[in-house]
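For reference, the structure discussed in these notes is given below.
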Amino acid sequence: PSKKLEGKLYGIAIQSVINLRMENDYAAEAGTQIMMGAPLKLLRKSGGWSQVITPEGYISWVTSGSLKEMTIKEFNEYTAKPKVIVTAKYVTVTDAPSINSQQVCDAVWGNLFIDLGKSGKFRKIALADGRIGYIPAINLQNFTQWLSEHSNPTADDIIATAKQFVGVPYMWGATSIKAVDCSGFTKSVYFLNGLILARDASQQCYTGDNVDISKYVNNND
């Protein structure tokens with residue numbers, strides 16, 4: 001990491017879905033996406049952009065304003081706070097516990113928030129940058145409980161999640177319920193079942209156990 005970061009070595013995504021690029025330019029090739037609440041390691045900054053490492057080890061660039069930058073102490077304090085995960089495809093975060101209240105931001109399936117407790121049929125949440133909002137409790141789950149329930153997903157779990165992406169548009173570099181590319185689709189489906197895969201298919205193919213497919217080829221029994 002660059003010394004110019006002045007100890008701010010971590011960043012937390014503060015938008016529902018953020019585009020990361022291969023260079024620090026809006027016209028640069030899309031690399032991947034990161035979602036609200038995801039942690040990133042910062043490497044350096046240049047012209048309003050931050051070079052980061054994603055949780056699966058992908059190095060790319062993101063606009064600095066999309067992140068809440070933190071020191072190691074601040075990051076540890078953030079990670080220690082109880083979290084909730086969004087379990088609906090799309091929700092609106094409001095500034096009061098009412099669906100008719102002013103929007104704070106949007107949120108999508110897999111976004112993480114700090115849990116501030118129940119408020120009627122809503123849960124009060126906080127973003128890493130300190131913004132406060134409310135989400136219908138039915139659209140959230142305690143993150144620790146969610147992780148426990150998704151510790152050993154079955155093939156049926158993976159397939160059921162995959163079917164939820166029918167109709168989602170293709171976009172190069174995308175990895176969310178808003179849009180996906182081919183390996184982004186696979187990564188997203190497994191992430192929503194508690195497993196983090198590498199970003200690209202060329203890397204994903206080395207994850208897991210080897211399976212002998214010869215019995216499925218040429219009608220062999």
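Convention: chains lettered A, B, ... in structure tokens order; per-chain residue numbering from 1; ligands numbered from 1 as shown.
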Per residue of region 39-85 of chain A within 6 Å of region 111-122 of chain A, what are the shortest atom pair and its distance in Å to one decimal, counting only C-alpha atoms, with rows by chain and residue number, as JSON lines?
```
{"residue": "A:Pro82", "atom": "CA", "partner": "A:Asp115", "partner_atom": "CA", "distance": 5.5}
{"residue": "A:Lys83", "atom": "CA", "partner": "A:Ile114", "partner_atom": "CA", "distance": 4.5}
{"residue": "A:Val84", "atom": "CA", "partner": "A:Phe113", "partner_atom": "CA", "distance": 5.5}
{"residue": "A:Ile85", "atom": "CA", "partner": "A:Leu112", "partner_atom": "CA", "distance": 4.7}
```
Near region 181-203 of chain A, 10 Å: region 52-157 of chain A residue rows, closest pairs, only C-alpha atoms, as CSV:
```
residue,atom,partner,partner_atom,distance
A:Thr54,CA,A:Arg199,CA,9.5
A:Pro55,CA,A:Ile196,CA,8.1
A:Glu56,CA,A:Ala198,CA,5.4
A:Gly57,CA,A:Ala198,CA,7.5
A:Tyr58,CA,A:Arg199,CA,6.9
A:Thr87,CA,A:Leu192,CA,8.9
A:Trp109,CA,A:Leu192,CA,7.9
A:Gly110,CA,A:Leu192,CA,6.4
A:Trp146,CA,A:Gly194,CA,8.2
A:Leu147,CA,A:Gly194,CA,6.2
A:Ser148,CA,A:Gly194,CA,8.8
A:Glu149,CA,A:Gly194,CA,8.6
A:His150,CA,A:Gly194,CA,5.2
A:Ser151,CA,A:Gly194,CA,6.3
A:Asn152,CA,A:Gly194,CA,8.2
A:Pro153,CA,A:Asn193,CA,6.3
A:Thr154,CA,A:Asn193,CA,9.2
A:Asp157,CA,A:Asn193,CA,7.4
```
Would you mind exporting the chosen residues as a PDB file, in the first residue's frame, restricted to N, CA, C and O atoms?
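Okay, this is what ended up in part-v5.pdb:
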```pdb
ATOM      1  N   THR A  54     -10.242  -6.847  -3.871  1.00  0.00           N
ATOM      2  CA  THR A  54     -11.539  -7.338  -3.419  1.00  0.00           C
ATOM      3  C   THR A  54     -11.353  -8.558  -2.513  1.00  0.00           C
ATOM      4  O   THR A  54     -10.259  -9.130  -2.444  1.00  0.00           O
ATOM      5  N   PRO A  55     -12.412  -8.995  -1.810  1.00  0.00           N
ATOM      6  CA  PRO A  55     -12.278 -10.161  -0.918  1.00  0.00           C
ATOM      7  C   PRO A  55     -11.773 -11.422  -1.608  1.00  0.00           C
ATOM      8  O   PRO A  55     -11.140 -12.262  -0.971  1.00  0.00           O
ATOM      9  N   GLU A  56     -12.058 -11.562  -2.928  1.00  0.00           N
ATOM     10  CA  GLU A  56     -11.580 -12.757  -3.631  1.00  0.00           C
ATOM     11  C   GLU A  56     -10.216 -12.532  -4.272  1.00  0.00           C
ATOM     12  O   GLU A  56      -9.715 -13.394  -5.016  1.00  0.00           O
ATOM     13  N   GLY A  57      -9.578 -11.366  -4.010  1.00  0.00           N
ATOM     14  CA  GLY A  57      -8.224 -11.123  -4.475  1.00  0.00           C
ATOM     15  C   GLY A  57      -8.099 -10.429  -5.811  1.00  0.00           C
ATOM     16  O   GLY A  57      -7.016 -10.380  -6.393  1.00  0.00           O
ATOM     17  N   TYR A  58      -9.176  -9.852  -6.326  1.00  0.00           N
ATOM     18  CA  TYR A  58      -9.171  -9.184  -7.629  1.00  0.00           C
ATOM     19  C   TYR A  58      -8.693  -7.743  -7.452  1.00  0.00           C
ATOM     20  O   TYR A  58      -9.215  -7.003  -6.616  1.00  0.00           O
ATOM     21  N   THR A  87     -32.020  -9.948   1.910  1.00  0.00           N
ATOM     22  CA  THR A  87     -32.412 -11.231   1.321  1.00  0.00           C
ATOM     23  C   THR A  87     -33.467 -11.070   0.229  1.00  0.00           C
ATOM     24  O   THR A  87     -33.899 -12.058  -0.367  1.00  0.00           O
ATOM     25  N   TRP A 109     -30.000  -7.662  -3.101  1.00  0.00           N
ATOM     26  CA  TRP A 109     -29.729  -8.975  -2.529  1.00  0.00           C
ATOM     27  C   TRP A 109     -28.235  -9.145  -2.251  1.00  0.00           C
ATOM     28  O   TRP A 109     -27.411  -9.017  -3.145  1.00  0.00           O
ATOM     29  N   GLY A 110     -27.888  -9.402  -0.993  1.00  0.00           N
ATOM     30  CA  GLY A 110     -26.493  -9.606  -0.619  1.00  0.00           C
ATOM     31  C   GLY A 110     -25.817  -8.403   0.005  1.00  0.00           C
ATOM     32  O   GLY A 110     -24.694  -8.528   0.517  1.00  0.00           O
ATOM     33  N   TRP A 146     -27.497 -16.126   8.971  1.00  0.00           N
ATOM     34  CA  TRP A 146     -27.495 -16.417   7.537  1.00  0.00           C
ATOM     35  C   TRP A 146     -26.274 -17.244   7.154  1.00  0.00           C
ATOM     36  O   TRP A 146     -26.376 -18.216   6.411  1.00  0.00           O
ATOM     37  N   LEU A 147     -25.102 -16.870   7.685  1.00  0.00           N
ATOM     38  CA  LEU A 147     -23.882 -17.620   7.396  1.00  0.00           C
ATOM     39  C   LEU A 147     -23.993 -19.057   7.883  1.00  0.00           C
ATOM     40  O   LEU A 147     -23.571 -19.994   7.205  1.00  0.00           O
ATOM     41  N   SER A 148     -24.574 -19.237   9.080  1.00  0.00           N
ATOM     42  CA  SER A 148     -24.743 -20.579   9.625  1.00  0.00           C
ATOM     43  C   SER A 148     -25.642 -21.430   8.742  1.00  0.00           C
ATOM     44  O   SER A 148     -25.358 -22.615   8.493  1.00  0.00           O
ATOM     45  N   GLU A 149     -26.720 -20.826   8.239  1.00  0.00           N
ATOM     46  CA  GLU A 149     -27.665 -21.552   7.405  1.00  0.00           C
ATOM     47  C   GLU A 149     -27.113 -21.844   6.013  1.00  0.00           C
ATOM     48  O   GLU A 149     -27.619 -22.720   5.310  1.00  0.00           O
ATOM     49  N   HIS A 150     -26.090 -21.090   5.593  1.00  0.00           N
ATOM     50  CA  HIS A 150     -25.518 -21.257   4.264  1.00  0.00           C
ATOM     51  C   HIS A 150     -24.107 -21.842   4.324  1.00  0.00           C
ATOM     52  O   HIS A 150     -23.322 -21.664   3.399  1.00  0.00           O
ATOM     53  N   SER A 151     -23.806 -22.548   5.405  1.00  0.00           N
ATOM     54  CA  SER A 151     -22.455 -23.092   5.574  1.00  0.00           C
ATOM     55  C   SER A 151     -22.191 -24.310   4.697  1.00  0.00           C
ATOM     56  O   SER A 151     -21.038 -24.647   4.421  1.00  0.00           O
ATOM     57  N   ASN A 152     -23.244 -24.977   4.250  1.00  0.00           N
ATOM     58  CA  ASN A 152     -23.065 -26.182   3.443  1.00  0.00           C
ATOM     59  C   ASN A 152     -24.196 -26.305   2.422  1.00  0.00           C
ATOM     60  O   ASN A 152     -25.041 -27.205   2.509  1.00  0.00           O
ATOM     61  N   PRO A 153     -24.222 -25.400   1.441  1.00  0.00           N
ATOM     62  CA  PRO A 153     -25.330 -25.414   0.473  1.00  0.00           C
ATOM     63  C   PRO A 153     -25.339 -26.683  -0.369  1.00  0.00           C
ATOM     64  O   PRO A 153     -24.298 -27.260  -0.666  1.00  0.00           O
ATOM     65  N   THR A 154     -26.536 -27.105  -0.737  1.00  0.00           N
ATOM     66  CA  THR A 154     -26.700 -28.287  -1.593  1.00  0.00           C
ATOM     67  C   THR A 154     -26.782 -27.867  -3.057  1.00  0.00           C
ATOM     68  O   THR A 154     -26.920 -26.673  -3.375  1.00  0.00           O
ATOM     69  N   ASP A 157     -29.892 -26.007  -3.601  1.00  0.00           N
ATOM     70  CA  ASP A 157     -29.815 -24.604  -3.163  1.00  0.00           C
ATOM     71  C   ASP A 157     -29.202 -23.737  -4.257  1.00  0.00           C
ATOM     72  O   ASP A 157     -29.696 -22.640  -4.552  1.00  0.00           O
TER      73      ASP A 157
END
```
Would you return as a PDB file with C-alpha atoms, in the first residue's frame the members of region 79-113 of chain A that DSSP assigns to strand (DSSP E) on this structure's backbone?
```pdb
ATOM      1  CA  LYS A  83     -24.743  -7.035  10.636  1.00  0.00           C
ATOM      2  CA  VAL A  84     -27.841  -7.828   8.629  1.00  0.00           C
ATOM      3  CA  ILE A  85     -27.895  -9.039   5.034  1.00  0.00           C
ATOM      4  CA  VAL A  86     -30.494  -8.125   2.430  1.00  0.00           C
ATOM      5  CA  TYR A  90     -34.342  -5.022  -4.442  1.00  0.00           C
ATOM      6  CA  VAL A  91     -35.305  -2.811  -1.488  1.00  0.00           C
ATOM      7  CA  THR A  92     -35.397   0.885  -0.636  1.00  0.00           C
ATOM      8  CA  VAL A  93     -33.669   2.231   2.475  1.00  0.00           C
ATOM      9  CA  THR A  94     -35.780   5.034   3.959  1.00  0.00           C
ATOM     10  CA  GLN A 103     -35.179   7.376   0.273  1.00  0.00           C
ATOM     11  CA  VAL A 104     -31.688   7.183   1.745  1.00  0.00           C
ATOM     12  CA  CYS A 105     -30.362   4.757  -0.866  1.00  0.00           C
ATOM     13  CA  ASP A 106     -31.260   1.573  -2.676  1.00  0.00           C
ATOM     14  CA  ALA A 107     -30.139  -1.914  -1.681  1.00  0.00           C
ATOM     15  CA  VAL A 108     -29.984  -5.288  -3.389  1.00  0.00           C
ATOM     16  CA  LEU A 112     -24.663  -5.772   4.255  1.00  0.00           C
ATOM     17  CA  PHE A 113     -25.610  -3.170   6.864  1.00  0.00           C
TER      18      PHE A 113
END
```
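Backbone DSSP assigns alpha helix (DSSP H) in region 27-77 of chain A to Ile72, Lys73, Glu74, Phe75, Asn76 and Glu77 of chain A.
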Would you save the residues of that selection, restricted to N, CA and C atoms, as an mmCIF file, in the first residue's frame?
```cif
data_model
loop_
_atom_site.group_PDB
_atom_site.id
_atom_site.type_symbol
_atom_site.label_atom_id
_atom_site.label_comp_id
_atom_site.auth_asym_id
_atom_site.auth_seq_id
_atom_site.Cartn_x
_atom_site.Cartn_y
_atom_site.Cartn_z
ATOM 1 N N ILE A 72 -6.980 0.555 10.289
ATOM 2 C CA ILE A 72 -7.154 -0.813 10.776
ATOM 3 C C ILE A 72 -8.044 -0.824 12.013
ATOM 4 N N LYS A 73 -7.857 0.131 12.910
ATOM 5 C CA LYS A 73 -8.679 0.211 14.126
ATOM 6 C C LYS A 73 -10.149 0.433 13.772
ATOM 7 N N GLU A 74 -10.397 1.380 12.879
ATOM 8 C CA GLU A 74 -11.781 1.657 12.474
ATOM 9 C C GLU A 74 -12.405 0.458 11.766
ATOM 10 N N PHE A 75 -11.597 -0.225 10.947
ATOM 11 C CA PHE A 75 -12.090 -1.392 10.230
ATOM 12 C C PHE A 75 -12.456 -2.517 11.195
ATOM 13 N N ASN A 76 -11.610 -2.752 12.191
ATOM 14 C CA ASN A 76 -11.902 -3.789 13.172
ATOM 15 C C ASN A 76 -13.156 -3.462 13.977
ATOM 16 N N GLU A 77 -13.339 -2.191 14.294
ATOM 17 C CA GLU A 77 -14.549 -1.778 15.011
ATOM 18 C C GLU A 77 -15.788 -1.993 14.144
#
```
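Counting only C-alpha atoms, Gly47 (chain A) has the following residues at most 12 Å away, ignoring those fewer than 2 positions along the same chain: Glu23, Asn24, Asp25, Tyr26, Arg44, Lys45, Trp49, Ser50, Gln51, Trp61, Val62, Thr63, Ser64 and Gly65 of chain A.
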Could you take the residues named above and write them with all heavy atoms, as a short mmCIF file (atom, residue, chain, number, x, y, z; two decimals), in the first residue's frame?
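Listing of part_30.cif after writing:
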```cif
data_model
loop_
_atom_site.label_atom_id
_atom_site.label_comp_id
_atom_site.auth_asym_id
_atom_site.auth_seq_id
_atom_site.Cartn_x
_atom_site.Cartn_y
_atom_site.Cartn_z
N GLU A 23 -8.52 0.24 -15.04
CA GLU A 23 -7.67 1.43 -14.91
C GLU A 23 -8.49 2.52 -14.23
O GLU A 23 -9.72 2.42 -14.12
CB GLU A 23 -7.18 1.91 -16.28
CG GLU A 23 -6.38 0.89 -17.06
CD GLU A 23 -5.03 0.59 -16.45
OE1 GLU A 23 -4.55 1.41 -15.62
OE2 GLU A 23 -4.44 -0.46 -16.79
N ASN A 24 -7.82 3.58 -13.79
CA ASN A 24 -8.51 4.65 -13.08
C ASN A 24 -9.10 5.66 -14.07
O ASN A 24 -8.70 6.83 -14.15
CB ASN A 24 -7.56 5.35 -12.10
CG ASN A 24 -6.29 5.86 -12.75
OD1 ASN A 24 -5.81 5.30 -13.73
ND2 ASN A 24 -5.73 6.93 -12.20
N ASP A 25 -10.10 5.17 -14.83
CA ASP A 25 -10.75 5.99 -15.85
C ASP A 25 -12.12 5.41 -16.13
O ASP A 25 -12.28 4.18 -16.21
CB ASP A 25 -9.90 5.98 -17.13
CG ASP A 25 -10.35 7.02 -18.13
OD1 ASP A 25 -11.50 6.90 -18.62
OD2 ASP A 25 -9.57 7.94 -18.44
N TYR A 26 -13.12 6.30 -16.29
CA TYR A 26 -14.47 5.82 -16.56
C TYR A 26 -14.57 5.06 -17.88
O TYR A 26 -15.46 4.23 -18.05
CB TYR A 26 -15.45 7.00 -16.57
CG TYR A 26 -15.76 7.55 -15.21
CD1 TYR A 26 -15.24 8.78 -14.79
CD2 TYR A 26 -16.58 6.86 -14.32
CE1 TYR A 26 -15.52 9.30 -13.54
CE2 TYR A 26 -16.87 7.37 -13.06
CZ TYR A 26 -16.33 8.58 -12.67
OH TYR A 26 -16.61 9.09 -11.42
N ARG A 44 -3.57 2.21 -3.43
CA ARG A 44 -3.12 3.57 -3.72
C ARG A 44 -4.29 4.36 -4.28
O ARG A 44 -5.34 3.82 -4.62
CB ARG A 44 -1.96 3.57 -4.71
CG ARG A 44 -2.25 2.91 -6.04
CD ARG A 44 -1.01 2.84 -6.90
NE ARG A 44 -1.19 2.06 -8.10
CZ ARG A 44 -0.94 2.50 -9.33
NH1 ARG A 44 -0.51 3.73 -9.53
NH2 ARG A 44 -1.12 1.71 -10.38
N LYS A 45 -4.10 5.69 -4.37
CA LYS A 45 -5.12 6.58 -4.90
C LYS A 45 -4.53 7.45 -6.00
O LYS A 45 -3.35 7.79 -5.96
CB LYS A 45 -5.71 7.45 -3.78
CG LYS A 45 -6.42 6.66 -2.70
CD LYS A 45 -6.89 7.54 -1.56
CE LYS A 45 -8.05 8.41 -2.00
NZ LYS A 45 -8.62 9.18 -0.87
N TRP A 49 -9.64 8.21 -7.80
CA TRP A 49 -9.83 6.76 -7.88
C TRP A 49 -8.96 6.07 -6.85
O TRP A 49 -7.91 6.58 -6.46
CB TRP A 49 -9.46 6.24 -9.27
CG TRP A 49 -10.37 6.71 -10.36
CD1 TRP A 49 -10.38 7.94 -10.96
CD2 TRP A 49 -11.41 5.95 -10.98
NE1 TRP A 49 -11.36 7.99 -11.93
CE2 TRP A 49 -12.01 6.78 -11.97
CE3 TRP A 49 -11.88 4.65 -10.83
CZ2 TRP A 49 -13.05 6.35 -12.76
CZ3 TRP A 49 -12.93 4.21 -11.62
CH2 TRP A 49 -13.50 5.06 -12.58
N SER A 50 -9.40 4.89 -6.42
CA SER A 50 -8.63 4.08 -5.48
C SER A 50 -8.39 2.70 -6.08
O SER A 50 -9.33 2.07 -6.58
CB SER A 50 -9.38 3.92 -4.15
OG SER A 50 -9.57 5.16 -3.51
N GLN A 51 -7.14 2.25 -6.06
CA GLN A 51 -6.85 0.89 -6.47
C GLN A 51 -7.04 -0.02 -5.26
O GLN A 51 -6.52 0.24 -4.17
CB GLN A 51 -5.43 0.76 -7.00
CG GLN A 51 -5.16 -0.59 -7.66
CD GLN A 51 -3.73 -0.71 -8.17
OE1 GLN A 51 -2.79 -0.29 -7.50
NE2 GLN A 51 -3.57 -1.27 -9.36
N TRP A 61 -9.79 -0.81 -9.97
CA TRP A 61 -9.95 0.58 -9.54
C TRP A 61 -11.41 0.92 -9.30
O TRP A 61 -12.29 0.49 -10.04
CB TRP A 61 -9.39 1.53 -10.60
CG TRP A 61 -7.89 1.50 -10.73
CD1 TRP A 61 -7.16 0.63 -11.49
CD2 TRP A 61 -6.96 2.37 -10.11
NE1 TRP A 61 -5.82 0.90 -11.37
CE2 TRP A 61 -5.67 1.98 -10.53
CE3 TRP A 61 -7.08 3.45 -9.23
CZ2 TRP A 61 -4.52 2.62 -10.10
CZ3 TRP A 61 -5.94 4.10 -8.81
CH2 TRP A 61 -4.67 3.69 -9.24
N VAL A 62 -11.66 1.75 -8.29
CA VAL A 62 -13.02 2.19 -7.96
C VAL A 62 -12.97 3.68 -7.61
O VAL A 62 -11.95 4.18 -7.12
CB VAL A 62 -13.57 1.37 -6.76
CG1 VAL A 62 -12.71 1.55 -5.53
CG2 VAL A 62 -15.01 1.75 -6.45
N THR A 63 -14.04 4.39 -7.90
CA THR A 63 -14.08 5.80 -7.51
C THR A 63 -14.00 5.92 -5.99
O THR A 63 -14.71 5.23 -5.26
CB THR A 63 -15.36 6.48 -8.02
OG1 THR A 63 -16.50 5.70 -7.63
CG2 THR A 63 -15.35 6.59 -9.54
N SER A 64 -13.15 6.79 -5.52
CA SER A 64 -12.89 6.90 -4.09
C SER A 64 -14.14 7.26 -3.29
O SER A 64 -14.30 6.84 -2.14
CB SER A 64 -11.78 7.93 -3.83
OG SER A 64 -10.57 7.55 -4.49
N GLY A 65 -15.04 8.03 -3.90
CA GLY A 65 -16.26 8.43 -3.21
C GLY A 65 -17.24 7.30 -2.98
O GLY A 65 -18.22 7.47 -2.25
#
```
